[in-house]
Structures are given as structure tokens and as C-alpha cells.
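In what follows, a single structure is set out as C-alpha cells and then discussed.
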Amino acid sequence: MDLDSWTLSQSIVVFSVCALVIAIAGTRITRVVDQLADRTGLGEATAGAVLLGAATSLSGSVLSVTAAYRGHPELAVSNALGGIAVQTFFLAIADMVYRRANLEHAAASAPNMMQNGLLIALPALLLLAPTLPSLSRPWTEFLVL
């Protein structure tokens with residue numbers, strides 16, 4: 001069956017099934033990464049950022065790289081910024097629903113604060129990039145050993 005010929009109801013059903021699979025797999029991988037962080041002493045902040053971040057961002061990264069490669073830079077950048085916005089939205093929802101602790105206070109550790117600073121700096125760099133002068137030399141000339 002060609003994807004272009006799907007009806008709206010078929011697309012909604014497929015989307016719902018995929019969302020359910022992601023929710024189940026996401027819950028399982030969260031438990032596994034938490035146990036791995038405890039066993040290795042890596043720390044929950046580092047394990048969450050590296051392992052969960054990489055696993056959950058893989059599809060968005062592939063989409064952004066593919067969009068940029070095919071000449072759609074607006075789609076690539078808006079996908080990255082939209083992903084950050086949606087994850088922040090769901091974190092706010094989780095903070096409202098989870099009543100045992102205040103999530104932003106419970107997660108206020110030095111590694112999380114450093115990651116938050118990086119999260120602010122990277123999109124700021126994306127937003128400033130169009131105003132910066134273009135480089136006239138190949139980037140390899142800047143690698144001086």
C-alpha cells in the first residue's frame with residue numbers, strides 16, 4: 001500500500017499504534033537506564049542525557065540531517081527547535097501531574113544545571129548564525145595542531 005493513498009483515519013490509526021509502541025518502549029528503556037545508572041555509578045543526570053537523550057533524539061536527528069541534505073534548512077532547524085519545545089512542554093505536564101516532588105527542584109543538580117546552560121546556548125547559536133559573517137576559508141584550515 002502506498003503511503004500517499006492512505007486516508008486520514010488510516011493515518012490516525014497508524015500514528016496511534018506507533019505512539020503506543022513508543023510509550024511502552026519508552027517506559028521500559030527509562031527503567032533500564034535508571035538501573036544502569038545505579039549499577040555503573042554514572043549518575044542519573046548523565047545517563048539520562050547521554051543514553052535516553054541519544055535514543056529518543058535519534059529519529060529527530062535523522063529527520064533534520066535528511067531535511068538539510070535535501071535542501072530544506074528551515075525544516076531541519078524548526079524540527080530541532082520544535083523537539084526541544086515539545087519535550088519541555090511534556091516536562092511541564094509531568095511536573096504538574098507528579099505530586100510526590102517538585103521536578104525542577106528535585107533535578108536541580110550541578111550536572112543538570114550545566115546541561116541546561118548548554119541547552120540554552122545551542123539554540124541561541126542557531127538563532128544567531130544567520131547574522132554572523134560567512135566563512136570564506138574551508139573549516140579544515142581552522143584545525144591547527
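Each chain of the C-alpha cells is named A, B, ... in the order shown, its residues numbered from 1; ligands are numbered from 1 in display order.
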
Hey, could you make a per-residue contact list for stretch 47-98 of chain A against stretch 24-36 of chain A with 8 Å as the cut-off, showing the nearest pair of atoms and its distance in Å to one decimal, counting only C-alpha atoms, sorted by chain and number, as a tab-separated table?
residue	atom	partner	partner_atom	distance
A:Ala47	CA	A:Val33	CA	6.6
A:Gly48	CA	A:Val33	CA	7.1
A:Leu51	CA	A:Val33	CA	7.1
A:Leu52	CA	A:Val33	CA	7.3

Return as a compact mmCIF listing (two decimals) with N, CA, C and O atoms, in the first residue's frame the full set of residues in chain A whose backbone-based DSSP assignment is alpha helix (DSSP H).
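Heads up, here's the output in states34.txt:
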# COMPACT_ATOMS: atom_id res chain seq x y z
N LEU A 8 -7.26 9.66 6.05
CA LEU A 8 -6.96 10.29 7.33
C LEU A 8 -7.16 9.31 8.48
O LEU A 8 -6.35 9.25 9.41
N SER A 9 -8.21 8.51 8.42
CA SER A 9 -8.47 7.55 9.51
C SER A 9 -7.37 6.48 9.57
O SER A 9 -6.95 6.09 10.67
N GLN A 10 -6.89 6.01 8.43
CA GLN A 10 -5.79 5.05 8.43
C GLN A 10 -4.53 5.67 9.02
O GLN A 10 -3.82 5.03 9.81
N SER A 11 -4.26 6.91 8.69
CA SER A 11 -3.08 7.59 9.22
C SER A 11 -3.18 7.77 10.73
O SER A 11 -2.20 7.60 11.45
N ILE A 12 -4.36 8.09 11.22
CA ILE A 12 -4.57 8.27 12.66
C ILE A 12 -4.38 6.94 13.39
O ILE A 12 -3.77 6.90 14.46
N VAL A 13 -4.88 5.85 12.82
CA VAL A 13 -4.70 4.54 13.44
C VAL A 13 -3.22 4.16 13.50
O VAL A 13 -2.73 3.73 14.55
N VAL A 14 -2.50 4.34 12.41
CA VAL A 14 -1.07 4.01 12.39
C VAL A 14 -0.31 4.90 13.38
O VAL A 14 0.55 4.42 14.13
N PHE A 15 -0.64 6.19 13.40
CA PHE A 15 0.00 7.11 14.34
C PHE A 15 -0.27 6.68 15.78
O PHE A 15 0.64 6.69 16.63
N SER A 16 -1.50 6.29 16.09
CA SER A 16 -1.85 5.87 17.45
C SER A 16 -1.11 4.61 17.86
O SER A 16 -0.64 4.50 19.00
N VAL A 17 -1.01 3.65 16.96
CA VAL A 17 -0.28 2.41 17.25
C VAL A 17 1.19 2.73 17.50
O VAL A 17 1.79 2.22 18.45
N CYS A 18 1.77 3.57 16.66
CA CYS A 18 3.18 3.95 16.85
C CYS A 18 3.38 4.68 18.17
O CYS A 18 4.37 4.45 18.88
N ALA A 19 2.45 5.57 18.53
CA ALA A 19 2.55 6.30 19.80
C ALA A 19 2.47 5.33 20.98
O ALA A 19 3.20 5.48 21.98
N LEU A 20 1.62 4.31 20.89
CA LEU A 20 1.51 3.31 21.95
C LEU A 20 2.80 2.51 22.09
O LEU A 20 3.30 2.28 23.20
N VAL A 21 3.36 2.09 20.97
CA VAL A 21 4.63 1.35 20.99
C VAL A 21 5.74 2.21 21.61
O VAL A 21 6.53 1.74 22.43
N ILE A 22 5.79 3.48 21.24
CA ILE A 22 6.80 4.38 21.78
C ILE A 22 6.61 4.57 23.28
O ILE A 22 7.58 4.59 24.05
N ALA A 23 5.37 4.69 23.74
CA ALA A 23 5.10 4.86 25.17
C ALA A 23 5.53 3.62 25.96
O ALA A 23 6.16 3.74 27.02
N ILE A 24 5.24 2.45 25.45
CA ILE A 24 5.63 1.21 26.14
C ILE A 24 7.14 1.05 26.13
O ILE A 24 7.76 0.78 27.17
N ALA A 25 7.76 1.25 24.98
CA ALA A 25 9.22 1.11 24.88
C ALA A 25 9.92 2.19 25.70
O ALA A 25 10.95 1.93 26.33
N GLY A 26 9.38 3.41 25.70
CA GLY A 26 9.98 4.49 26.47
C GLY A 26 9.96 4.23 27.97
O GLY A 26 10.93 4.53 28.68
N THR A 27 8.87 3.65 28.45
CA THR A 27 8.79 3.30 29.86
C THR A 27 9.81 2.24 30.21
O THR A 27 10.50 2.33 31.24
N ARG A 28 9.96 1.27 29.37
CA ARG A 28 10.93 0.18 29.61
C ARG A 28 12.37 0.69 29.55
O ARG A 28 13.18 0.37 30.42
N ILE A 29 12.69 1.48 28.55
CA ILE A 29 14.07 1.96 28.43
C ILE A 29 14.42 2.91 29.59
O ILE A 29 15.57 2.96 30.02
N THR A 30 13.43 3.64 30.11
CA THR A 30 13.69 4.50 31.26
C THR A 30 14.09 3.68 32.47
O THR A 30 15.04 4.03 33.19
N ARG A 31 13.40 2.58 32.70
CA ARG A 31 13.77 1.69 33.82
C ARG A 31 15.16 1.10 33.63
O ARG A 31 15.95 1.04 34.57
N VAL A 32 15.47 0.67 32.43
CA VAL A 32 16.77 0.07 32.15
C VAL A 32 17.90 1.09 32.35
O VAL A 32 18.92 0.79 32.97
N VAL A 33 17.72 2.30 31.86
CA VAL A 33 18.75 3.33 32.01
C VAL A 33 18.90 3.72 33.48
O VAL A 33 20.02 3.95 33.94
N ASP A 34 17.82 3.78 34.23
CA ASP A 34 17.90 4.08 35.66
C ASP A 34 18.71 3.01 36.39
O ASP A 34 19.58 3.32 37.22
N GLN A 35 18.44 1.74 36.09
CA GLN A 35 19.21 0.65 36.71
C GLN A 35 20.67 0.70 36.28
O GLN A 35 21.57 0.48 37.09
N LEU A 36 20.93 1.00 35.01
CA LEU A 36 22.30 1.10 34.51
C LEU A 36 23.04 2.25 35.20
O LEU A 36 24.22 2.11 35.55
N ALA A 37 22.37 3.36 35.42
CA ALA A 37 23.00 4.49 36.11
C ALA A 37 23.36 4.12 37.54
O ALA A 37 24.43 4.49 38.04
N ASP A 38 22.48 3.37 38.21
CA ASP A 38 22.77 2.95 39.58
C ASP A 38 23.91 1.95 39.64
O ASP A 38 24.78 2.04 40.51
N ARG A 39 23.93 1.00 38.73
CA ARG A 39 24.96 -0.05 38.75
C ARG A 39 26.34 0.47 38.36
O ARG A 39 27.35 0.02 38.89
N THR A 40 26.39 1.40 37.42
CA THR A 40 27.69 1.90 36.96
C THR A 40 28.18 3.11 37.73
O THR A 40 29.35 3.48 37.62
N GLU A 44 22.24 9.61 37.39
CA GLU A 44 21.00 9.66 36.60
C GLU A 44 21.01 10.80 35.59
O GLU A 44 20.49 10.66 34.49
N ALA A 45 21.59 11.95 35.95
CA ALA A 45 21.61 13.08 35.01
C ALA A 45 22.43 12.75 33.77
O ALA A 45 22.00 13.00 32.64
N THR A 46 23.59 12.16 33.98
CA THR A 46 24.45 11.83 32.84
C THR A 46 23.85 10.70 32.01
O THR A 46 23.82 10.77 30.78
N ALA A 47 23.36 9.67 32.67
CA ALA A 47 22.75 8.55 31.95
C ALA A 47 21.52 9.01 31.17
O ALA A 47 21.32 8.61 30.02
N GLY A 53 18.76 10.54 26.01
CA GLY A 53 18.76 11.63 25.04
C GLY A 53 19.12 11.15 23.64
O GLY A 53 18.49 11.54 22.66
N ALA A 54 20.13 10.32 23.57
CA ALA A 54 20.54 9.80 22.26
C ALA A 54 19.47 8.90 21.66
O ALA A 54 19.16 8.98 20.47
N ALA A 55 18.89 8.04 22.49
CA ALA A 55 17.88 7.11 21.98
C ALA A 55 16.62 7.82 21.52
O ALA A 55 16.06 7.50 20.47
N THR A 56 16.17 8.81 22.29
CA THR A 56 14.92 9.47 21.93
C THR A 56 15.11 10.54 20.87
O THR A 56 14.14 10.92 20.21
N SER A 57 16.32 11.02 20.68
CA SER A 57 16.57 12.05 19.67
C SER A 57 16.99 11.48 18.33
O SER A 57 17.18 12.24 17.37
N LEU A 58 17.15 10.20 18.24
CA LEU A 58 17.65 9.58 17.01
C LEU A 58 16.75 9.87 15.81
O LEU A 58 17.24 10.28 14.75
N SER A 59 15.46 9.71 15.97
CA SER A 59 14.56 9.94 14.83
C SER A 59 14.56 11.41 14.41
O SER A 59 14.58 11.72 13.22
N GLY A 60 14.57 12.33 15.37
CA GLY A 60 14.62 13.74 15.04
C GLY A 60 15.93 14.13 14.38
O GLY A 60 15.96 14.98 13.49
N SER A 61 17.01 13.51 14.83
CA SER A 61 18.32 13.80 14.22
C SER A 61 18.37 13.33 12.78
O SER A 61 18.87 14.04 11.90
N VAL A 62 17.84 12.15 12.52
CA VAL A 62 17.80 11.63 11.15
C VAL A 62 16.94 12.54 10.28
O VAL A 62 17.31 12.88 9.15
N LEU A 63 15.80 12.99 10.81
CA LEU A 63 14.93 13.87 10.04
C LEU A 63 15.63 15.19 9.73
O LEU A 63 15.58 15.68 8.60
N SER A 64 16.31 15.79 10.71
CA SER A 64 16.99 17.08 10.49
C SER A 64 18.13 16.95 9.49
O SER A 64 18.28 17.80 8.60
N VAL A 65 18.91 15.90 9.60
CA VAL A 65 20.02 15.70 8.66
C VAL A 65 19.49 15.45 7.26
O VAL A 65 20.00 16.01 6.27
N THR A 66 18.46 14.64 7.13
CA THR A 66 17.88 14.36 5.82
C THR A 66 17.28 15.62 5.21
O THR A 66 17.46 15.88 4.01
N ALA A 67 16.58 16.40 6.02
CA ALA A 67 15.98 17.63 5.51
C ALA A 67 17.06 18.61 5.05
O ALA A 67 16.93 19.23 3.98
N ALA A 68 18.13 18.74 5.82
CA ALA A 68 19.22 19.65 5.43
C ALA A 68 19.90 19.15 4.17
O ALA A 68 20.22 19.94 3.27
N TYR A 69 20.13 17.85 4.08
CA TYR A 69 20.78 17.27 2.90
C TYR A 69 19.95 17.49 1.63
O TYR A 69 20.50 17.72 0.56
N PRO A 73 16.57 23.66 4.77
CA PRO A 73 17.16 24.06 6.06
C PRO A 73 16.12 24.54 7.08
O PRO A 73 16.31 24.33 8.28
N GLU A 74 15.03 25.16 6.61
CA GLU A 74 14.00 25.62 7.55
C GLU A 74 13.38 24.44 8.28
O GLU A 74 13.13 24.51 9.49
N LEU A 75 13.12 23.36 7.57
CA LEU A 75 12.56 22.17 8.19
C LEU A 75 13.54 21.56 9.19
O LEU A 75 13.15 21.14 10.28
N ALA A 76 14.81 21.53 8.84
CA ALA A 76 15.82 20.95 9.72
C ALA A 76 15.92 21.71 11.03
O ALA A 76 15.91 21.12 12.12
N VAL A 77 15.99 23.03 10.96
CA VAL A 77 16.13 23.84 12.17
C VAL A 77 14.84 23.84 12.97
O VAL A 77 14.85 23.69 14.19
N SER A 78 13.70 23.98 12.31
CA SER A 78 12.43 24.00 13.05
C SER A 78 12.13 22.65 13.69
O SER A 78 11.51 22.60 14.75
N ASN A 79 12.59 21.56 13.10
CA ASN A 79 12.43 20.26 13.73
C ASN A 79 13.20 20.19 15.03
O ASN A 79 12.69 19.72 16.05
N ALA A 80 14.44 20.67 15.01
CA ALA A 80 15.26 20.64 16.23
C ALA A 80 14.66 21.52 17.31
O ALA A 80 14.52 21.10 18.47
N LEU A 81 14.28 22.73 16.97
CA LEU A 81 13.70 23.64 17.96
C LEU A 81 12.33 23.16 18.43
O LEU A 81 11.99 23.28 19.61
N GLY A 82 11.55 22.61 17.52
CA GLY A 82 10.25 22.06 17.90
C GLY A 82 10.37 20.88 18.84
O GLY A 82 9.57 20.70 19.77
N GLY A 83 11.39 20.04 18.62
CA GLY A 83 11.63 18.91 19.52
C GLY A 83 11.94 19.36 20.92
O GLY A 83 11.44 18.80 21.90
N ILE A 84 12.76 20.39 21.04
CA ILE A 84 13.08 20.94 22.36
C ILE A 84 11.82 21.50 23.02
O ILE A 84 11.56 21.27 24.20
N ALA A 85 11.02 22.24 22.24
CA ALA A 85 9.80 22.84 22.78
C ALA A 85 8.81 21.78 23.26
O ALA A 85 8.22 21.91 24.34
N VAL A 86 8.63 20.73 22.47
CA VAL A 86 7.67 19.68 22.84
C VAL A 86 8.15 18.92 24.08
O VAL A 86 7.36 18.62 24.98
N GLN A 87 9.44 18.61 24.14
CA GLN A 87 9.95 17.91 25.32
C GLN A 87 9.83 18.78 26.57
O GLN A 87 9.51 18.27 27.65
N THR A 88 10.04 20.09 26.44
CA THR A 88 9.87 20.99 27.57
C THR A 88 8.41 21.05 27.99
O THR A 88 8.10 21.07 29.18
N PHE A 89 7.51 21.05 27.02
CA PHE A 89 6.07 21.04 27.32
C PHE A 89 5.69 19.79 28.10
O PHE A 89 4.98 19.86 29.12
N PHE A 90 6.15 18.62 27.66
CA PHE A 90 5.81 17.39 28.35
C PHE A 90 6.45 17.32 29.73
O PHE A 90 5.87 16.75 30.66
N LEU A 91 7.62 17.93 29.89
CA LEU A 91 8.24 18.00 31.21
C LEU A 91 7.40 18.87 32.15
O LEU A 91 7.23 18.54 33.33
N ALA A 92 6.85 19.96 31.63
CA ALA A 92 5.97 20.82 32.43
C ALA A 92 4.69 20.06 32.82
O ALA A 92 4.22 20.17 33.96
N ILE A 93 4.15 19.28 31.90
CA ILE A 93 2.96 18.47 32.20
C ILE A 93 3.29 17.44 33.28
O ILE A 93 2.53 17.25 34.24
N ALA A 94 4.44 16.78 33.15
CA ALA A 94 4.85 15.79 34.15
C ALA A 94 5.03 16.44 35.51
O ALA A 94 4.68 15.86 36.55
N ASP A 95 5.55 17.66 35.53
CA ASP A 95 5.74 18.37 36.79
C ASP A 95 4.41 18.69 37.45
O ASP A 95 4.28 18.64 38.67
N MET A 96 3.39 19.00 36.65
CA MET A 96 2.06 19.29 37.21
C MET A 96 1.37 18.02 37.70
O MET A 96 0.66 18.05 38.70
N VAL A 97 1.58 16.91 37.01
CA VAL A 97 0.89 15.67 37.35
C VAL A 97 1.57 14.92 38.50
O VAL A 97 0.91 14.38 39.37
N LEU A 103 9.56 18.59 40.37
CA LEU A 103 10.60 18.05 39.50
C LEU A 103 11.76 19.02 39.28
O LEU A 103 12.91 18.60 39.25
N GLU A 104 11.47 20.32 39.12
CA GLU A 104 12.59 21.21 38.86
C GLU A 104 13.49 21.38 40.08
O GLU A 104 14.68 21.62 39.96
N HIS A 105 12.93 21.21 41.29
CA HIS A 105 13.77 21.26 42.49
C HIS A 105 14.46 19.92 42.73
O HIS A 105 15.60 19.88 43.17
N ALA A 106 13.77 18.83 42.43
CA ALA A 106 14.36 17.51 42.63
C ALA A 106 15.52 17.27 41.67
O ALA A 106 16.47 16.55 42.00
N ALA A 110 24.18 19.86 39.90
CA ALA A 110 25.19 20.54 39.08
C ALA A 110 25.22 20.01 37.64
O ALA A 110 25.26 20.82 36.69
N PRO A 111 25.19 18.68 37.43
CA PRO A 111 25.19 18.21 36.02
C PRO A 111 23.96 18.69 35.23
O PRO A 111 24.08 19.06 34.07
N ASN A 112 22.80 18.70 35.88
CA ASN A 112 21.60 19.18 35.18
C ASN A 112 21.68 20.67 34.87
O ASN A 112 21.23 21.11 33.82
N MET A 113 22.24 21.45 35.78
CA MET A 113 22.38 22.88 35.52
C MET A 113 23.34 23.15 34.36
O MET A 113 23.13 24.04 33.55
N MET A 114 24.42 22.37 34.28
CA MET A 114 25.35 22.52 33.16
C MET A 114 24.67 22.15 31.84
O MET A 114 24.86 22.82 30.82
N GLN A 115 23.87 21.09 31.86
CA GLN A 115 23.15 20.69 30.65
C GLN A 115 22.12 21.74 30.25
O GLN A 115 21.91 21.99 29.06
N ASN A 116 21.47 22.37 31.24
CA ASN A 116 20.52 23.43 30.93
C ASN A 116 21.21 24.62 30.28
O ASN A 116 20.68 25.23 29.36
N GLY A 117 22.40 24.96 30.77
CA GLY A 117 23.16 26.05 30.16
C GLY A 117 23.52 25.74 28.72
O GLY A 117 23.42 26.60 27.84
N LEU A 118 23.93 24.50 28.48
CA LEU A 118 24.24 24.08 27.11
C LEU A 118 22.99 24.10 26.24
O LEU A 118 23.04 24.50 25.07
N LEU A 119 21.86 23.70 26.81
CA LEU A 119 20.59 23.70 26.07
C LEU A 119 20.18 25.11 25.68
O LEU A 119 19.60 25.31 24.62
N ILE A 120 20.49 26.08 26.50
CA ILE A 120 20.19 27.47 26.16
C ILE A 120 21.17 27.99 25.12
O ILE A 120 20.79 28.71 24.19
N ALA A 121 22.44 27.63 25.25
CA ALA A 121 23.48 28.16 24.36
C ALA A 121 23.35 27.63 22.92
O ALA A 121 23.55 28.39 21.97
N LEU A 122 23.03 26.36 22.76
CA LEU A 122 22.98 25.79 21.40
C LEU A 122 21.86 26.36 20.54
O LEU A 122 22.12 26.76 19.39
N PRO A 123 20.62 26.46 21.02
CA PRO A 123 19.61 27.12 20.18
C PRO A 123 19.92 28.61 19.96
O PRO A 123 19.61 29.15 18.90
N ALA A 124 20.55 29.26 20.94
CA ALA A 124 20.94 30.66 20.75
C ALA A 124 21.94 30.77 19.60
O ALA A 124 21.86 31.71 18.79
N LEU A 125 22.85 29.82 19.52
CA LEU A 125 23.82 29.81 18.41
C LEU A 125 23.10 29.61 17.07
O LEU A 125 23.44 30.26 16.08
N LEU A 126 22.10 28.75 17.05
CA LEU A 126 21.32 28.54 15.83
C LEU A 126 20.60 29.82 15.41
O LEU A 126 20.52 30.15 14.23
N LEU A 127 20.07 30.54 16.38
CA LEU A 127 19.34 31.76 16.06
C LEU A 127 20.27 32.91 15.65
O LEU A 127 19.89 33.78 14.88
N LEU A 128 21.50 32.89 16.16
CA LEU A 128 22.47 33.93 15.80
C LEU A 128 23.20 33.64 14.49
O LEU A 128 23.74 34.56 13.87
